[in-house]
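Report on the following structure.
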There are 6 protein chains.
Amino acid sequence: MFHHVKELQFNARVSGPDPRFARMLLEQFGGPNGELKAAMQYFTQAFLCRRPYPRHSDLLMDIATEEFSHLEIVGATITMLLDGVNGELKNAAERSDLMRMLKGRGERDAMVQEASIPPTFLIESGGGPTVTDSNGVPWSGFFVNSNGDLTVDLRSDIAAESRAKIVYEYLMQFTDDRFVLESLDFLMTREIAHFQMFSAALNELAPNFPPGILQGNPRYTHTYFNMSDGPDIRGPWNQGQGPWPDGDQWVYIGDPATQVRQTRGQLDQTPEGSTITESDIRTMNRELSRKRSREVASQESEAGQQWSTYEAELTGTQR
Amino acid sequence: MFHHVKELQFNARVSGPDPRFARMLLEQFGGPNGELKAAMQYFTQAFLCRRPYPRHSDLLMDIATEEFSHLEIVGATITMLLDGVNGELKNAAERSDLMRMLKGRGERDAMVQEASIPPTFLIESGGGPTVTDSNGVPWSGFFVNSNGDLTVDLRSDIAAESRAKIVYEYLMQFTDDRFVLESLDFLMTREIAHFQMFSAALNELAPNFPPGILQGNPRYTHTYFNMSDGPDIRGPWNQGQGPWPDGDQWVYIGDPATQVRQTRGQLDQTPEGSTITESDIRTMNRELSRKRSREVASQESEAGQQWSTYEAELTGTQR
Amino acid sequence: MFHHVKELQFNARVSGPDPRFARMLLEQFGGPNGELKAAMQYFTQAFLCRRPYPRHSDLLMDIATEEFSHLEIVGATITMLLDGVNGELKNAAERSDLMRMLKGRGERDAMVQEASIPPTFLIESGGGPTVTDSNGVPWSGFFVNSNGDLTVDLRSDIAAESRAKIVYEYLMQFTDDRFVLESLDFLMTREIAHFQMFSAALNELAPNFPPGILQGNPRYTHTYFNMSDGPDIRGPWNQGQGPWPDGDQWVYIGDPATQVRQTRGQLDQTPEGSTITESDIRTMNRELSRKRSREVASQESEAGQQWSTYEAELTGTQR
Amino acid sequence: MFHHVKELQFNARVSGPDPRFARMLLEQFGGPNGELKAAMQYFTQAFLCRRPYPRHSDLLMDIATEEFSHLEIVGATITMLLDGVNGELKNAAERSDLMRMLKGRGERDAMVQEASIPPTFLIESGGGPTVTDSNGVPWSGFFVNSNGDLTVDLRSDIAAESRAKIVYEYLMQFTDDRFVLESLDFLMTREIAHFQMFSAALNELAPNFPPGILQGNPRYTHTYFNMSDGPDIRGPWNQGQGPWPDGDQWVYIGDPATQVRQTRGQLDQTPEGSTITESDIRTMNRELSRKRSREVASQESEAGQQWSTYEAELTGTQR
Amino acid sequence: MFHHVKELQFNARVSGPDPRFARMLLEQFGGPNGELKAAMQYFTQAFLCRRPYPRHSDLLMDIATEEFSHLEIVGATITMLLDGVNGELKNAAERSDLMRMLKGRGERDAMVQEASIPPTFLIESGGGPTVTDSNGVPWSGFFVNSNGDLTVDLRSDIAAESRAKIVYEYLMQFTDDRFVLESLDFLMTREIAHFQMFSAALNELAPNFPPGILQGNPRYTHTYFNMSDGPDIRGPWNQGQGPWPDGDQWVYIGDPATQVRQTRGQLDQTPEGSTITESDIRTMNRELSRKRSREVASQESEAGQQWSTYEAELTGTQR
Amino acid sequence: MFHHVKELQFNARVSGPDPRFARMLLEQFGGPNGELKAAMQYFTQAFLCRRPYPRHSDLLMDIATEEFSHLEIVGATITMLLDGVNGELKNAAERSDLMRMLKGRGERDAMVQEASIPPTFLIESGGGPTVTDSNGVPWSGFFVNSNGDLTVDLRSDIAAESRAKIVYEYLMQFTDDRFVLESLDFLMTREIAHFQMFSAALNELAPNFPPGILQGNPRYTHTYFNMSDGPDIRGPWNQGQGPWPDGDQWVYIGDPATQVRQTRGQLDQTPEGSTITESDIRTMNRELSRKRSREVASQESEAGQQWSTYEAELTGTQR
């Protein structure tokens, strides 16, 4: 269960209203790389690994909880940046001073700001955050990547933190408010810290490549299809030894259309570049498959029917 | 900020796997009337009223936090109802036993169950909850109603609790698992309790009708337009005194097309049914408008730039 | 079936083009609390109650029809506020005067207005309404709340009218056009009138609390979980007698984490605050359940296979 | 404004409940080619052409109104096909008979049917239609195509009627209920009738090709780019005279990659196949452009500020 | 399979950055009538007709491939119009010059432009295209119309090309950049060319009316329901011979409500206006139905299990 | 521009129809981790880096093109798995054999299969793929992650490939068709190959941590907030040296609520765990910032106004 601590995790402050930046910041409230996405992603992932990998589940739930706390910081900042809107809207019987207020200090800023405010701040939310991105598009459950395999989920999380980080970095270019910058700096830095926590957790899970259980078929793992014409462009991704042991190397198919025709659509393609055999693969697959299946399944059948254990059960103090 | 307590608020248990019901229950995880919607709705509403109405904000945040805790109960139950799926999926190298497992005790149930499982449980989430409704449609930020006016927001909350309650009531018809029924009974009952908390909070805010600030124009408040032909159908919503003081009453327009033509589209319609004058309305509007605007605005300007107050500030122990 | 009357229900007029306000008003055409949402919500609800509660169904269909008529008023107003756009767009072979036209009377307004116009007005709709909210996000079937239980549906409707009302109230702050204000005043007032019609209809349905059929479990109905730390904040929603008869009262759990641990996640919690017994509840549930089920089911089996009755059947004049 | 006639336009009947087909039929209630889409498309289109092309606007509004009437037929049929669900759900205190009821006549049908029912029929809508397609995905405002140009809009409408027709044709394969088939036959036939009405309206608008105002650039109008390798495949769409006068013909670019390189990305491509000159095009553009712009703009400025004319204004009987 | 040619099909150029127009142009990247929609629509349609109608499938795939190539032109243009944004964003450590840059040449333009840029260009995409429309609403798979019947699909395609054409026509009003206008002119003209290719392909499929297989029921094909009051408005869509042979004509129902009541909801309506009999219809249906079913089914069973044929199979050179 | 090669990249075959698996496979056509998502993600990313990082852009475009080719393989397989549906639907005049056909070999399979087919396969797409996931939810432009920074984008791509890989791995459990398994094995393996290509490309970009430009603030980079109660759970993500040089280490905040109160919401928190100073950070930020900004900006201004270079320009053969 959750508990709410009345103070914000970071001391969010603003120098004054700035509806234009409030709009931009909304991206981190309800946008595809925002705090709600992060919180819900780790929260959802935590369920499946709770029994077989309780330490990882604890990590996921800790960071999920921190992201909910960051969501609160972002929401509070947006509300402060829109300060005054709600009060003016309440002044419903008199021609509101809203326009003048929105325009702030100079005529010039005024226009820019007014034009940039999504109307939903004014006519739907009354001056608070909406569960949308900065264009007003609603948050979607599809933002959440959770696939029930830790070697996949942690990679999704590393990528998610990378995106959240860059969005904060970009946002920092669009405000001069030193208090807001202070909060953004904290929030951006925490994405970096989480990135490293997830990396550490992934490294602990060995083997973790390829993601999931099954090895790739050696007939196709080392092949680069050059899908475009013009001069060949080569790099560490299609030439040399690649990420494999000595003896392996990238195989570069310069003209895939011809290769496809000549191999009956790969069917006659023989493995190249790889020193591993299909039989090795089968063995590796079987072993990892049993290991992981056992890890997960045993825990499931053991714990079975009850999610939590309560103190009263442990101490025998239940009524 | 939020804090996570490792135990669930309610001791969620299941008798055994039931993928078919897991699907149905998903409606309360990521559906339009589910726990995430409720949590995010109250959480979002709490920002705007935090300063002018701190007690109401506290209520909203407490219930939001409880709804997040319910979301966790629902997610945990879905995961337990899908027990075994993830373990079998990990058994990737061997022809999985998944089908047999899903089929459970009898051939008959098997087919029904298999057919009812959304494929995303099997090929996307690996046997855990997805942030979607029971059809697999993703949660949307549009589920959240938050309009920055407590007399509106609390009504949205009362309706939201009503819908959540009926969905739990319906769900209870589709499982025989007594442990699951126990959890559903708790969750359903809490919606009723929240309904009454929100009602109490709304009653405390006087005046609270109409929602918002502005009174209706007496030319149109008492009119019922009978938009259909056939025999007149009357009820307390279009005849008699209505919700007004003595002397007022519903005005029934039996043939709106004719009325519209004869009144130049209402322009020549004189007030009927109502004893209140337009001038009364103007006075009421101005008064409430000032009162509310002052309540909100004064608090905003007072608190201004910092969201929370920290102990270190109060005790002077800051470094 | 529906019939179209060529005149608008209200004599919608505008003083002149105002693309900026046209955008805002779009919120009531295709937004989450707009006229289409209202129309489709009541229309959809009317089907299920048509036989068991024909008077309520008639009410729902009347108001649905009025909301479709309001949708037309809003669409007509948006079109008039965009007057000129379509004509200029047709002037496709010459450098259009559109920019100049959009800028209206003064340079200053021009910029604001141009910047505020969603591009879809100009490059998709050709100067008419789109079925979106004011940010261009499309209307969604999820806006509609219809749950097949009148005590729930009418509460959804009361909340829907509250939200529609406040959005009109907010909108009235953003235009100075007296004709447009006149239309908004009519539309806003009708939401208040509908609010009272739905309230009257709900009151007529007794018993109507809790929504649906099942009573809450007395072990959880009277409990307030204080999900946050800091000083206790009390109000009529968590102290005193509450909405119950003498002898009942709110039970305040100050430290839910501890309570949860000590009660094995509520399992060992005994009913508190309530004087009603679980056996009373069972009786009430059974009785209401039978009553409602009978009301609905009898009508269904009776009417059965044909939706409408036609005059020709009644008068025997069918061919 | 709209008016509701209590009888359905077609006498919708069913032989008995069939939840499986109710699900399929939902496609025509809230699906991308369903009745709501059609109704809202024509309704939205009618606004912009109301003044310059009042007869076409009347046609659009008549068919929109008929489509709303069809939506009602579809909703009524779905409700009847789900007969019994709501009554059983109301039987909340006793273990419901819902499962048995859903299973209908035989064990075999039972399973199929149960499995095919979207859970939202049971746990959200209570046995009535939802504003979604047959998979439970909500209706979207993006279904509506309305572009403010009649030569475009009518083509969108012809295509929309084609799609609606084929969906009814497909649906007729999945029910044996002769009453339902009767309704589907009516609804399908009306799509054909509307198709021909829209075609007639389009033919009346001359010139109507190309859609919109501007002619194509003759350098690119007659060119077919063969974007694939293998043997040339020719047809009336890339060889012969095409839809043009004598002397014109399709130009077939067999190897676009080479052509692109040799013409600096079309810049050096000279017009081929066409006998019309760029100067002819400019003249045609200017003429049509003026004609249409005048048609639209004159009407707009004339009518200006009021949408409807009311009898009271005409007869001078206004108060 | 696809192959990428490094050059753009059209030599896209820009005179200088113009973030405001970049936003508008986004409509053709990820909007409902944009290039991705067109590409995916024809691509998806091509699968089903590949065997029974290989020439039509080739046409669809050629145009799909051209539309992907147009998508690339649009994406490249948007990127060039946003030139500078990404570079400035990378200047993360210093107060960016972004604002000044966005403002361009004059103060006046500056404001307009800044205000018009969707924040997602700046804080999500880093200055490149997003897969959204010009308001930032994401592309949806529902944009694609593909119904598995060529007489329907080609009509959807003709309408799609019409809409894409008008959007380009409108767009051309909002830029003065002659290079951009050049590209738009090419893209717009290609929509006209595709329109005529699809028309030619549809004409070749005889019979192609009505879309699909089944004829309409003659009782309802010739009927016009006048769903509105006021003076009768007549046109070629509801009077005269209509699109039928001599002897047939439109039947105008002036007062549908009365007609409905008197015909028991059409049940007693006799065929009018049409000289074709229900028995003729049955024969036509059966014949076309057999013809089409045979065309499709024979090809399906023949080709069966393998999608492509490879050179190596034909020449016997497979390894 | 793109070019279409008529053969599939892999020789997709099926043993016979299997509508149930066709549905599951749809996840890789229009699902959040499917081929269209991958193709559009890399395609969209390629625009921004085309000039400053042409080799990386070429890699992205090559893999994008391969993913489009995989999309075609998936679409072809789905169509073959639905073989027969379209032919039977065309048999519109006679009671179709569709049900029998869908049921396949045995009664038991029949039911399962029929129940599992989304109705849209039957009544919308006519037996071909839809641009949706396996539940029928449409593909969304939000699936695409493209943030204009290669160190971020490549991490998004590595995660995307991980998810696509696990979905293929899961899918392989749900079919016994050896031809389909062969195709899935190819497609799954290619995701692994792409994973390694993206990893190699990321490694080449040094420095690449943190993603983007700005370093984290050392006051927050090394801190782990234990957001839950109960026993401390430690791992390489919150204890020990972490990913830093000697002397650095994780700082574990066991009771964040207290820490927050005592540090005025982090304001008084001093850097801990890190040996790097804020001044070092500033230097690093400035340097990387200049380097990257220069890389991007110089290329942008250089290339400027034209996207591609054409042979005719190089060889002077332009007309």
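Going through the structure tokens in order, the chains are called A, B, and so on, while each chain numbers its residues from 1 and the ligands are numbered from 1 in the order shown.
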
>> Within 9 Å of chain F, which residues belong to chain D? Use only C-alpha atoms and report them as a PyMOL selection string.
In response: chain D and resi 23-24+27+33+108-109+111-116+133-137+163+166-174+176+226-230+256-257+260-265+268-269

Excluding same-chain residues fewer than 2 positions from range 143-155 of chain D, what lies within 8 Å of it counting only C-alpha atoms, as a VMD selection string? (chain C and resid 86 124 to 128 130 to 131) or (chain D and resid 32 to 33 37 to 38 40 to 41 44 to 45 48 to 49 139 to 141 157 to 159 198 to 199 201 to 202 205 208 to 209 211 to 212) or (chain E and resid 142 to 143 158 to 159 162 to 163 166)

Counting only C-alpha atoms, closest pick from D:Leu267, D:Val251, D:Leu25, D:Ala200 relative to Ser183 in chain E is D:Leu267

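For Gly242 in chain D, the list of residues within 9 Å, based on only C-alpha atoms and with local chain neighbours fewer than 4 positions off taken out, reads His222, Pro236, Trp237, Asn238, Asp248, Gln249 and Trp250 of chain D; Gln196, Met197 and Ala200 of chain E.
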
For the residues in that selection, give me all heavy atoms as a PDB file, in the first residue's frame.
```pdb
ATOM      1  N   HIS D 222       0.560  12.818 -65.862  1.00  0.00           N
ATOM      2  CA  HIS D 222       0.393  11.668 -66.747  1.00  0.00           C
ATOM      3  C   HIS D 222       1.435  10.575 -66.513  1.00  0.00           C
ATOM      4  O   HIS D 222       1.488   9.591 -67.235  1.00  0.00           O
ATOM      5  CB  HIS D 222       0.468  12.131 -68.207  1.00  0.00           C
ATOM      6  CG  HIS D 222      -0.694  12.970 -68.640  1.00  0.00           C
ATOM      7  ND1 HIS D 222      -1.139  14.067 -67.938  1.00  0.00           N
ATOM      8  CD2 HIS D 222      -1.532  12.870 -69.720  1.00  0.00           C
ATOM      9  CE1 HIS D 222      -2.179  14.610 -68.548  1.00  0.00           C
ATOM     10  NE2 HIS D 222      -2.439  13.906 -69.624  1.00  0.00           N
ATOM     11  N   PRO D 236      -4.983  -0.234 -67.728  1.00  0.00           N
ATOM     12  CA  PRO D 236      -5.504   1.055 -68.174  1.00  0.00           C
ATOM     13  C   PRO D 236      -5.021   2.204 -67.289  1.00  0.00           C
ATOM     14  O   PRO D 236      -5.254   3.371 -67.602  1.00  0.00           O
ATOM     15  CB  PRO D 236      -7.027   0.878 -68.083  1.00  0.00           C
ATOM     16  CG  PRO D 236      -7.256  -0.323 -67.242  1.00  0.00           C
ATOM     17  CD  PRO D 236      -6.042  -1.178 -67.366  1.00  0.00           C
ATOM     18  N   TRP D 237      -4.372   1.874 -66.173  1.00  0.00           N
ATOM     19  CA  TRP D 237      -3.888   2.916 -65.262  1.00  0.00           C
ATOM     20  C   TRP D 237      -2.461   3.355 -65.576  1.00  0.00           C
ATOM     21  O   TRP D 237      -1.947   4.253 -64.923  1.00  0.00           O
ATOM     22  CB  TRP D 237      -3.958   2.440 -63.816  1.00  0.00           C
ATOM     23  CG  TRP D 237      -3.353   1.089 -63.617  1.00  0.00           C
ATOM     24  CD1 TRP D 237      -2.031   0.788 -63.474  1.00  0.00           C
ATOM     25  CD2 TRP D 237      -4.041  -0.156 -63.557  1.00  0.00           C
ATOM     26  NE1 TRP D 237      -1.856  -0.552 -63.330  1.00  0.00           N
ATOM     27  CE2 TRP D 237      -3.073  -1.166 -63.364  1.00  0.00           C
ATOM     28  CE3 TRP D 237      -5.407  -0.532 -63.642  1.00  0.00           C
ATOM     29  CZ2 TRP D 237      -3.410  -2.527 -63.279  1.00  0.00           C
ATOM     30  CZ3 TRP D 237      -5.730  -1.870 -63.543  1.00  0.00           C
ATOM     31  CH2 TRP D 237      -4.734  -2.851 -63.368  1.00  0.00           C
ATOM     32  N   ASN D 238      -1.822   2.695 -66.543  1.00  0.00           N
ATOM     33  CA  ASN D 238      -0.470   3.148 -66.863  1.00  0.00           C
ATOM     34  C   ASN D 238      -0.100   2.953 -68.334  1.00  0.00           C
ATOM     35  O   ASN D 238       1.073   3.021 -68.691  1.00  0.00           O
ATOM     36  CB  ASN D 238       0.573   2.502 -65.929  1.00  0.00           C
ATOM     37  CG  ASN D 238       0.636   0.993 -66.073  1.00  0.00           C
ATOM     38  OD1 ASN D 238       0.130   0.426 -67.036  1.00  0.00           O
ATOM     39  ND2 ASN D 238       1.257   0.338 -65.112  1.00  0.00           N
ATOM     40  N   ASP D 248      -3.287  12.787 -75.652  1.00  0.00           N
ATOM     41  CA  ASP D 248      -2.684  12.582 -74.328  1.00  0.00           C
ATOM     42  C   ASP D 248      -2.495  11.084 -74.089  1.00  0.00           C
ATOM     43  O   ASP D 248      -3.176  10.249 -74.685  1.00  0.00           O
ATOM     44  CB  ASP D 248      -3.597  13.129 -73.225  1.00  0.00           C
ATOM     45  CG  ASP D 248      -3.468  14.631 -73.057  1.00  0.00           C
ATOM     46  OD1 ASP D 248      -3.137  15.301 -74.051  1.00  0.00           O
ATOM     47  OD2 ASP D 248      -3.700  15.118 -71.943  1.00  0.00           O
ATOM     48  N   GLN D 249      -1.587  10.761 -73.207  1.00  0.00           N
ATOM     49  CA  GLN D 249      -1.422   9.355 -72.849  1.00  0.00           C
ATOM     50  C   GLN D 249      -0.596   9.228 -71.578  1.00  0.00           C
ATOM     51  O   GLN D 249       0.084  10.141 -71.149  1.00  0.00           O
ATOM     52  CB  GLN D 249      -0.749   8.582 -73.976  1.00  0.00           C
ATOM     53  CG  GLN D 249       0.609   9.142 -74.327  1.00  0.00           C
ATOM     54  CD  GLN D 249       1.276   8.383 -75.447  1.00  0.00           C
ATOM     55  OE1 GLN D 249       0.805   7.335 -75.878  1.00  0.00           O
ATOM     56  NE2 GLN D 249       2.383   8.913 -75.925  1.00  0.00           N
ATOM     57  N   TRP D 250      -0.668   8.039 -70.970  1.00  0.00           N
ATOM     58  CA  TRP D 250       0.139   7.719 -69.806  1.00  0.00           C
ATOM     59  C   TRP D 250       1.613   7.665 -70.220  1.00  0.00           C
ATOM     60  O   TRP D 250       1.942   7.172 -71.284  1.00  0.00           O
ATOM     61  CB  TRP D 250      -0.234   6.356 -69.236  1.00  0.00           C
ATOM     62  CG  TRP D 250      -1.539   6.318 -68.492  1.00  0.00           C
ATOM     63  CD1 TRP D 250      -2.680   5.703 -68.898  1.00  0.00           C
ATOM     64  CD2 TRP D 250      -1.804   6.885 -67.220  1.00  0.00           C
ATOM     65  NE1 TRP D 250      -3.665   5.855 -67.956  1.00  0.00           N
ATOM     66  CE2 TRP D 250      -3.152   6.583 -66.904  1.00  0.00           C
ATOM     67  CE3 TRP D 250      -1.054   7.641 -66.305  1.00  0.00           C
ATOM     68  CZ2 TRP D 250      -3.761   6.992 -65.721  1.00  0.00           C
ATOM     69  CZ3 TRP D 250      -1.652   8.047 -65.126  1.00  0.00           C
ATOM     70  CH2 TRP D 250      -2.993   7.729 -64.842  1.00  0.00           C
TER      71      TRP D 250
ATOM     72  N   GLN E 196      -6.593   9.205 -60.716  1.00  0.00           N
ATOM     73  CA  GLN E 196      -7.007   8.686 -62.028  1.00  0.00           C
ATOM     74  C   GLN E 196      -6.572   7.238 -62.233  1.00  0.00           C
ATOM     75  O   GLN E 196      -7.277   6.477 -62.897  1.00  0.00           O
ATOM     76  CB  GLN E 196      -6.482   9.609 -63.109  1.00  0.00           C
ATOM     77  CG  GLN E 196      -7.179  10.980 -62.962  1.00  0.00           C
ATOM     78  CD  GLN E 196      -7.093  11.829 -64.195  1.00  0.00           C
ATOM     79  OE1 GLN E 196      -6.030  11.968 -64.775  1.00  0.00           O
ATOM     80  NE2 GLN E 196      -8.218  12.384 -64.610  1.00  0.00           N
ATOM     81  N   MET E 197      -5.463   6.864 -61.656  1.00  0.00           N
ATOM     82  CA  MET E 197      -5.082   5.444 -61.736  1.00  0.00           C
ATOM     83  C   MET E 197      -6.104   4.561 -61.027  1.00  0.00           C
ATOM     84  O   MET E 197      -6.523   3.531 -61.535  1.00  0.00           O
ATOM     85  CB  MET E 197      -3.701   5.247 -61.087  1.00  0.00           C
ATOM     86  CG  MET E 197      -2.566   5.932 -61.847  1.00  0.00           C
ATOM     87  SD  MET E 197      -1.034   5.931 -60.853  1.00  0.00           S
ATOM     88  CE  MET E 197      -0.100   7.216 -61.713  1.00  0.00           C
ATOM     89  N   ALA E 200      -9.266   4.315 -63.068  1.00  0.00           N
ATOM     90  CA  ALA E 200      -9.122   3.392 -64.192  1.00  0.00           C
ATOM     91  C   ALA E 200      -9.202   1.950 -63.712  1.00  0.00           C
ATOM     92  O   ALA E 200      -9.831   1.096 -64.348  1.00  0.00           O
ATOM     93  CB  ALA E 200      -7.795   3.653 -64.902  1.00  0.00           C
TER      94      ALA E 200
END
```

Residue with the minimum atom-to-atom distance to Arg55 in chain C, picked from C:Asp246, C:Glu182, C:Glu204, C:Asp232 with only C-alpha atoms counted, is C:Glu204

| said: Just list as a list of chain:residue names whatever in range 47-282 of chain F DSSP marks as strand (DSSP E or B). | reply: F:Thr132, F:Pro138, F:Ser140, F:Thr223, F:Tyr224, F:Phe225, F:Ser228, F:Val251, F:Tyr252, F:Ile253

Notebook entry, point to check: What gap, in Å, lies between CA of Gln239 in chain A and CA of Thr221 in chain A?
Noted result: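 Going from CA of Gln239 in chain A over to CA of Thr221 in chain A, I get 13.3 Å.
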
- Query: Could you pull out the helix (DSSP H, G or I) residues of range 4-182 of chain A from DSSP and send them as a ChimeraX atom specification?
  - Reply: /A:19-25,27-30,35-49,54-81,85-90,98-103,107-116,119-123,141-143,150-174,178-182
